[in-house]
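*Asks:* Please see the structure below; I have some questions.
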Amino acid sequence: MWNKIISLILVFLAIITAMEICYAARDQSPKAVEKWVKYLKYPSSEKLTKLHFFCHHLRGATAVTIARAAATAASPTYFGLMDVRDDPLTVGPDESSQRVGYAQGISAAASLEEISSYDLFTYVFTSREFNGSTLAVLGSCPLFAPSCEAAVVGGSGVFRLARGWVTARIYYLNFNAGKASLEVNVVALHY
């Protein structure tokens, strides 16, 4: 009898643990990802670098439309719209704070279901010990998600052979003016 009770308790605890792991895997907030990083194991020959900065987007100035599908005008999600970007990266949330680089690349409205951007861009760093180094980032970000996650798929300079992830959340958004600021956290493994 006691063996059955203990077995049931162990099964129950295993289910709760599995549920917590599944929830943690879905939670993309910076705090959840930071908690997850503590359990990350990586070779001692690699460095773990964490970066925090803000990315400022202004349609018409730092983001210019380069393609628009015929169906884009009728799409509530702007499906088929493609922009090229050169968004400044700063230390603080204010656009006039210290510049640390640029997010250069392409964003495309690639969802029929929600307003979401598919981004392929490079963080080009222009200050401090990362001056001249880059991180290549790839991912999709729904506009109204509390936060989103993208993959670091490479890098140059200090970040050669980088891999990792980026979490971002909207810090400021004026959709009608085409202006947004994102708070960005990067975790990158590199040699």
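Ordered as shown in the structure tokens, chains take letters A, B, and onward, while each chain numbers its residues from 1 and ligands are numbered from 1 in the order shown.
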Please return, as a ChimeraX atom specification, all residues of region 72-166 of chain A that DSSP assigns to strand (DSSP E or B) on the basis of the backbone.
*Replies:* /A:81-90,99-109,116-125,134-142,148-156,163-166
*Asks:* Would you give me, as an MDAnalysis selection string, the residues in region 77-182 of chain A that DSSP reads as helix (DSSP H, G or I)?
*Replies:* chainID A and resid 128:130 157:159
*Asks:* I need the chosen residues saved as a CSV table (one decimal), in the first residue's frame, with all heavy atoms.
*Replies:*
```csv
chain,number,residue,atom,x,y,z
A,128,ARG,N,33.6,50.8,-27.1
A,128,ARG,CA,34.2,50.0,-26.1
A,128,ARG,C,34.9,48.8,-26.6
A,128,ARG,O,35.4,48.8,-27.7
A,128,ARG,CB,33.1,49.6,-25.1
A,128,ARG,CG,32.4,50.8,-24.4
A,128,ARG,CD,31.6,50.3,-23.3
A,128,ARG,NE,30.4,51.2,-23.2
A,128,ARG,CZ,29.3,50.8,-22.6
A,128,ARG,NH1,29.2,49.6,-22.1
A,128,ARG,NH2,28.3,51.7,-22.5
A,129,GLU,N,35.0,47.8,-25.8
A,129,GLU,CA,35.8,46.6,-26.2
A,129,GLU,C,35.1,45.8,-27.4
A,129,GLU,O,35.8,45.0,-28.0
A,129,GLU,CB,36.0,45.6,-25.0
A,129,GLU,CG,34.7,44.9,-24.5
A,129,GLU,CD,33.9,45.6,-23.5
A,129,GLU,OE1,34.0,46.9,-23.3
A,129,GLU,OE2,33.2,44.9,-22.7
A,130,PHE,N,33.9,46.1,-27.7
A,130,PHE,CA,33.2,45.4,-28.8
A,130,PHE,C,33.3,46.2,-30.2
A,130,PHE,O,32.7,45.8,-31.2
A,130,PHE,CB,31.8,45.1,-28.5
A,130,PHE,CG,31.7,44.3,-27.2
A,130,PHE,CD1,30.9,44.8,-26.2
A,130,PHE,CD2,32.3,43.1,-27.0
A,130,PHE,CE1,30.8,44.1,-25.0
A,130,PHE,CE2,32.3,42.4,-25.9
A,130,PHE,CZ,31.5,42.9,-24.8
A,157,GLY,N,34.7,39.5,-35.2
A,157,GLY,CA,35.6,40.2,-34.2
A,157,GLY,C,35.6,39.4,-32.9
A,157,GLY,O,35.8,38.2,-32.9
A,158,VAL,N,35.3,40.1,-31.9
A,158,VAL,CA,35.2,39.5,-30.5
A,158,VAL,C,34.3,38.3,-30.5
A,158,VAL,O,34.4,37.3,-29.8
A,158,VAL,CB,34.9,40.5,-29.5
A,158,VAL,CG1,34.6,39.9,-28.1
A,158,VAL,CG2,35.9,41.6,-29.4
A,159,PHE,N,33.2,38.4,-31.3
A,159,PHE,CA,32.1,37.4,-31.3
A,159,PHE,C,32.3,36.3,-32.4
A,159,PHE,O,31.2,35.8,-32.8
A,159,PHE,CB,30.8,38.1,-31.4
A,159,PHE,CG,30.5,39.1,-30.3
A,159,PHE,CD1,30.4,40.4,-30.5
A,159,PHE,CD2,30.4,38.6,-29.0
A,159,PHE,CE1,30.2,41.3,-29.4
A,159,PHE,CE2,30.1,39.4,-27.9
A,159,PHE,CZ,30.0,40.8,-28.1
```
*Asks:* Using only C-alpha atoms, which residue out of A:Leu135, A:Ala71, A:Ser96, A:Gln104 lies closest to Asp83 (chain A)?
*Replies:* A:Gln104
*Asks:* Val137 (chain A): which residues within 9 Å, counting only C-alpha atoms, same-chain residues fewer than 4 positions away excluded, as a ChimeraX atom specification?
*Replies:* /A:119-123,150-155,165-166
*Asks:* Take the residues just selected and output them with N, CA, C and O atoms as a PDB file, in the first residue's frame.
*Replies:*
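Listed below is the output, part32.pdb:
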```pdb
ATOM      1  N   ASP A 119      12.915  39.088 -38.763  1.00  0.00           N
ATOM      2  CA  ASP A 119      14.103  39.942 -38.794  1.00  0.00           C
ATOM      3  C   ASP A 119      15.358  39.152 -39.085  1.00  0.00           C
ATOM      4  O   ASP A 119      15.605  38.105 -38.498  1.00  0.00           O
ATOM      5  N   LEU A 120      16.142  39.699 -39.976  1.00  0.00           N
ATOM      6  CA  LEU A 120      17.460  39.177 -40.308  1.00  0.00           C
ATOM      7  C   LEU A 120      18.386  40.390 -40.288  1.00  0.00           C
ATOM      8  O   LEU A 120      18.340  41.224 -41.183  1.00  0.00           O
ATOM      9  N   PHE A 121      19.157  40.514 -39.218  1.00  0.00           N
ATOM     10  CA  PHE A 121      19.996  41.698 -39.117  1.00  0.00           C
ATOM     11  C   PHE A 121      21.259  41.421 -38.315  1.00  0.00           C
ATOM     12  O   PHE A 121      21.413  40.361 -37.722  1.00  0.00           O
ATOM     13  N   THR A 122      22.124  42.411 -38.315  1.00  0.00           N
ATOM     14  CA  THR A 122      23.401  42.324 -37.618  1.00  0.00           C
ATOM     15  C   THR A 122      23.515  43.483 -36.635  1.00  0.00           C
ATOM     16  O   THR A 122      23.260  44.625 -36.998  1.00  0.00           O
ATOM     17  N   TYR A 123      23.866  43.170 -35.381  1.00  0.00           N
ATOM     18  CA  TYR A 123      24.223  44.221 -34.437  1.00  0.00           C
ATOM     19  C   TYR A 123      25.673  44.583 -34.736  1.00  0.00           C
ATOM     20  O   TYR A 123      26.567  43.740 -34.616  1.00  0.00           O
ATOM     21  N   ALA A 150      15.008  35.773 -30.258  1.00  0.00           N
ATOM     22  CA  ALA A 150      15.610  35.494 -31.559  1.00  0.00           C
ATOM     23  C   ALA A 150      16.940  34.788 -31.319  1.00  0.00           C
ATOM     24  O   ALA A 150      17.497  34.824 -30.221  1.00  0.00           O
ATOM     25  N   ALA A 151      17.463  34.164 -32.357  1.00  0.00           N
ATOM     26  CA  ALA A 151      18.707  33.401 -32.244  1.00  0.00           C
ATOM     27  C   ALA A 151      19.900  34.234 -32.693  1.00  0.00           C
ATOM     28  O   ALA A 151      19.838  34.935 -33.696  1.00  0.00           O
ATOM     29  N   VAL A 152      20.987  34.146 -31.949  1.00  0.00           N
ATOM     30  CA  VAL A 152      22.282  34.653 -32.410  1.00  0.00           C
ATOM     31  C   VAL A 152      22.869  33.513 -33.237  1.00  0.00           C
ATOM     32  O   VAL A 152      23.078  32.410 -32.724  1.00  0.00           O
ATOM     33  N   VAL A 153      23.107  33.760 -34.514  1.00  0.00           N
ATOM     34  CA  VAL A 153      23.539  32.695 -35.420  1.00  0.00           C
ATOM     35  C   VAL A 153      24.986  32.857 -35.890  1.00  0.00           C
ATOM     36  O   VAL A 153      25.458  32.080 -36.715  1.00  0.00           O
ATOM     37  N   GLY A 154      25.686  33.831 -35.352  1.00  0.00           N
ATOM     38  CA  GLY A 154      27.079  34.024 -35.729  1.00  0.00           C
ATOM     39  C   GLY A 154      27.574  35.373 -35.274  1.00  0.00           C
ATOM     40  O   GLY A 154      26.867  36.130 -34.622  1.00  0.00           O
ATOM     41  N   GLY A 155      28.805  35.675 -35.648  1.00  0.00           N
ATOM     42  CA  GLY A 155      29.375  36.956 -35.272  1.00  0.00           C
ATOM     43  C   GLY A 155      30.748  37.132 -35.877  1.00  0.00           C
ATOM     44  O   GLY A 155      31.276  36.253 -36.559  1.00  0.00           O
ATOM     45  N   TRP A 165      21.240  33.881 -27.911  1.00  0.00           N
ATOM     46  CA  TRP A 165      19.894  34.369 -28.134  1.00  0.00           C
ATOM     47  C   TRP A 165      19.764  35.815 -27.696  1.00  0.00           C
ATOM     48  O   TRP A 165      20.563  36.342 -26.949  1.00  0.00           O
ATOM     49  N   VAL A 166      18.705  36.411 -28.198  1.00  0.00           N
ATOM     50  CA  VAL A 166      18.349  37.791 -27.885  1.00  0.00           C
ATOM     51  C   VAL A 166      16.922  37.772 -27.371  1.00  0.00           C
ATOM     52  O   VAL A 166      16.059  37.122 -27.953  1.00  0.00           O
TER      53      VAL A 166
END
```
*Asks:* What does the distance between CA of Tyr191 (chain A) and CA of His56 (chain A) come to in Å, to one decimal place?
*Replies:* 29.1 Å
*Asks:* Counting only C-alpha atoms, what is within 12 Å of Leu81 (chain A), bar same-chain residues fewer than 6 positions away, as a ChimeraX atom specification?
*Replies:* /A:63-75,106-112,115-118
*Asks:* For those residues, write N, CA and C atoms to a file as a tab-separated table (two decimals), in the first residue's frame.
*Replies:*
```
chain	number	residue	atom	x	y	z
A	63	ALA	N	14.39	53.19	-40.87
A	63	ALA	CA	13.78	52.03	-41.54
A	63	ALA	C	13.04	52.52	-42.79
A	64	VAL	N	13.41	51.97	-43.94
A	64	VAL	CA	12.84	52.40	-45.21
A	64	VAL	C	12.25	51.18	-45.92
A	65	THR	N	11.03	51.35	-46.43
A	65	THR	CA	10.38	50.26	-47.16
A	65	THR	C	11.07	50.04	-48.50
A	66	ILE	N	11.44	48.78	-48.76
A	66	ILE	CA	12.11	48.44	-50.03
A	66	ILE	C	11.26	47.55	-50.90
A	67	ALA	N	10.20	46.94	-50.32
A	67	ALA	CA	9.31	46.09	-51.12
A	67	ALA	C	7.94	46.06	-50.45
A	68	ARG	N	6.93	45.96	-51.31
A	68	ARG	CA	5.55	45.87	-50.83
A	68	ARG	C	4.80	45.00	-51.83
A	69	ALA	N	4.22	43.91	-51.34
A	69	ALA	CA	3.46	43.01	-52.21
A	69	ALA	C	2.14	43.67	-52.61
A	70	ALA	N	1.57	43.22	-53.70
A	70	ALA	CA	0.28	43.77	-54.15
A	70	ALA	C	-0.80	43.58	-53.09
A	71	ALA	N	-0.72	42.50	-52.32
A	71	ALA	CA	-1.73	42.20	-51.29
A	71	ALA	C	-1.52	42.94	-49.98
A	72	THR	N	-0.39	43.63	-49.82
A	72	THR	CA	-0.08	44.28	-48.56
A	72	THR	C	-1.12	45.32	-48.16
A	73	ALA	N	-1.58	46.13	-49.09
A	73	ALA	CA	-2.54	47.19	-48.78
A	73	ALA	C	-3.84	46.63	-48.19
A	74	ALA	N	-4.24	45.44	-48.58
A	74	ALA	CA	-5.47	44.84	-48.08
A	74	ALA	C	-5.25	43.96	-46.84
A	75	SER	N	-4.00	43.79	-46.43
A	75	SER	CA	-3.69	42.88	-45.32
A	75	SER	C	-3.71	43.61	-43.98
A	106	ILE	N	17.27	43.53	-42.47
A	106	ILE	CA	15.98	43.51	-43.14
A	106	ILE	C	14.91	42.98	-42.20
A	107	SER	N	13.74	43.64	-42.23
A	107	SER	CA	12.56	43.17	-41.51
A	107	SER	C	11.45	42.97	-42.51
A	108	ALA	N	10.69	41.90	-42.36
A	108	ALA	CA	9.58	41.63	-43.26
A	108	ALA	C	8.34	41.25	-42.45
A	109	ALA	N	7.19	41.75	-42.87
A	109	ALA	CA	5.92	41.32	-42.28
A	109	ALA	C	5.60	39.97	-42.91
A	110	ALA	N	5.77	38.92	-42.14
A	110	ALA	CA	5.71	37.57	-42.71
A	110	ALA	C	4.62	36.69	-42.09
A	111	SER	N	3.63	37.31	-41.46
A	111	SER	CA	2.55	36.53	-40.86
A	111	SER	C	1.20	36.97	-41.40
A	112	LEU	N	0.38	36.00	-41.71
A	112	LEU	CA	-1.00	36.29	-42.13
A	112	LEU	C	-1.93	36.41	-40.92
A	115	ILE	N	0.35	40.86	-36.57
A	115	ILE	CA	1.39	41.79	-36.97
A	115	ILE	C	2.69	41.30	-36.34
A	116	SER	N	3.60	40.86	-37.16
A	116	SER	CA	4.83	40.24	-36.70
A	116	SER	C	5.93	40.51	-37.71
A	117	SER	N	7.13	40.74	-37.21
A	117	SER	CA	8.24	40.96	-38.14
A	117	SER	C	9.20	39.79	-38.10
A	118	TYR	N	9.62	39.39	-39.27
A	118	TYR	CA	10.68	38.39	-39.41
A	118	TYR	C	11.94	39.21	-39.66
```
*Asks:* Take CA of Ile170 (chain A) and CA of Cys55 (chain A) and report the distance between them in Å, one decimal.
*Replies:*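 CA of Cys55 (chain A) lies 9.6 Å from CA of Ile170 (chain A).
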*Asks:* Name the closest residue to Arg85 (chain A) among the candidates A:Ala188, A:Ala61, A:Val100, A:Ala145; distances are taken between atoms, counting only C-alpha atoms.
*Replies:* A:Ala61
*Asks:* For CA of Thr62 (chain A) and CA of Thr49 (chain A), quote the distance in Å rounded to one decimal.
*Replies:* 27.1 Å
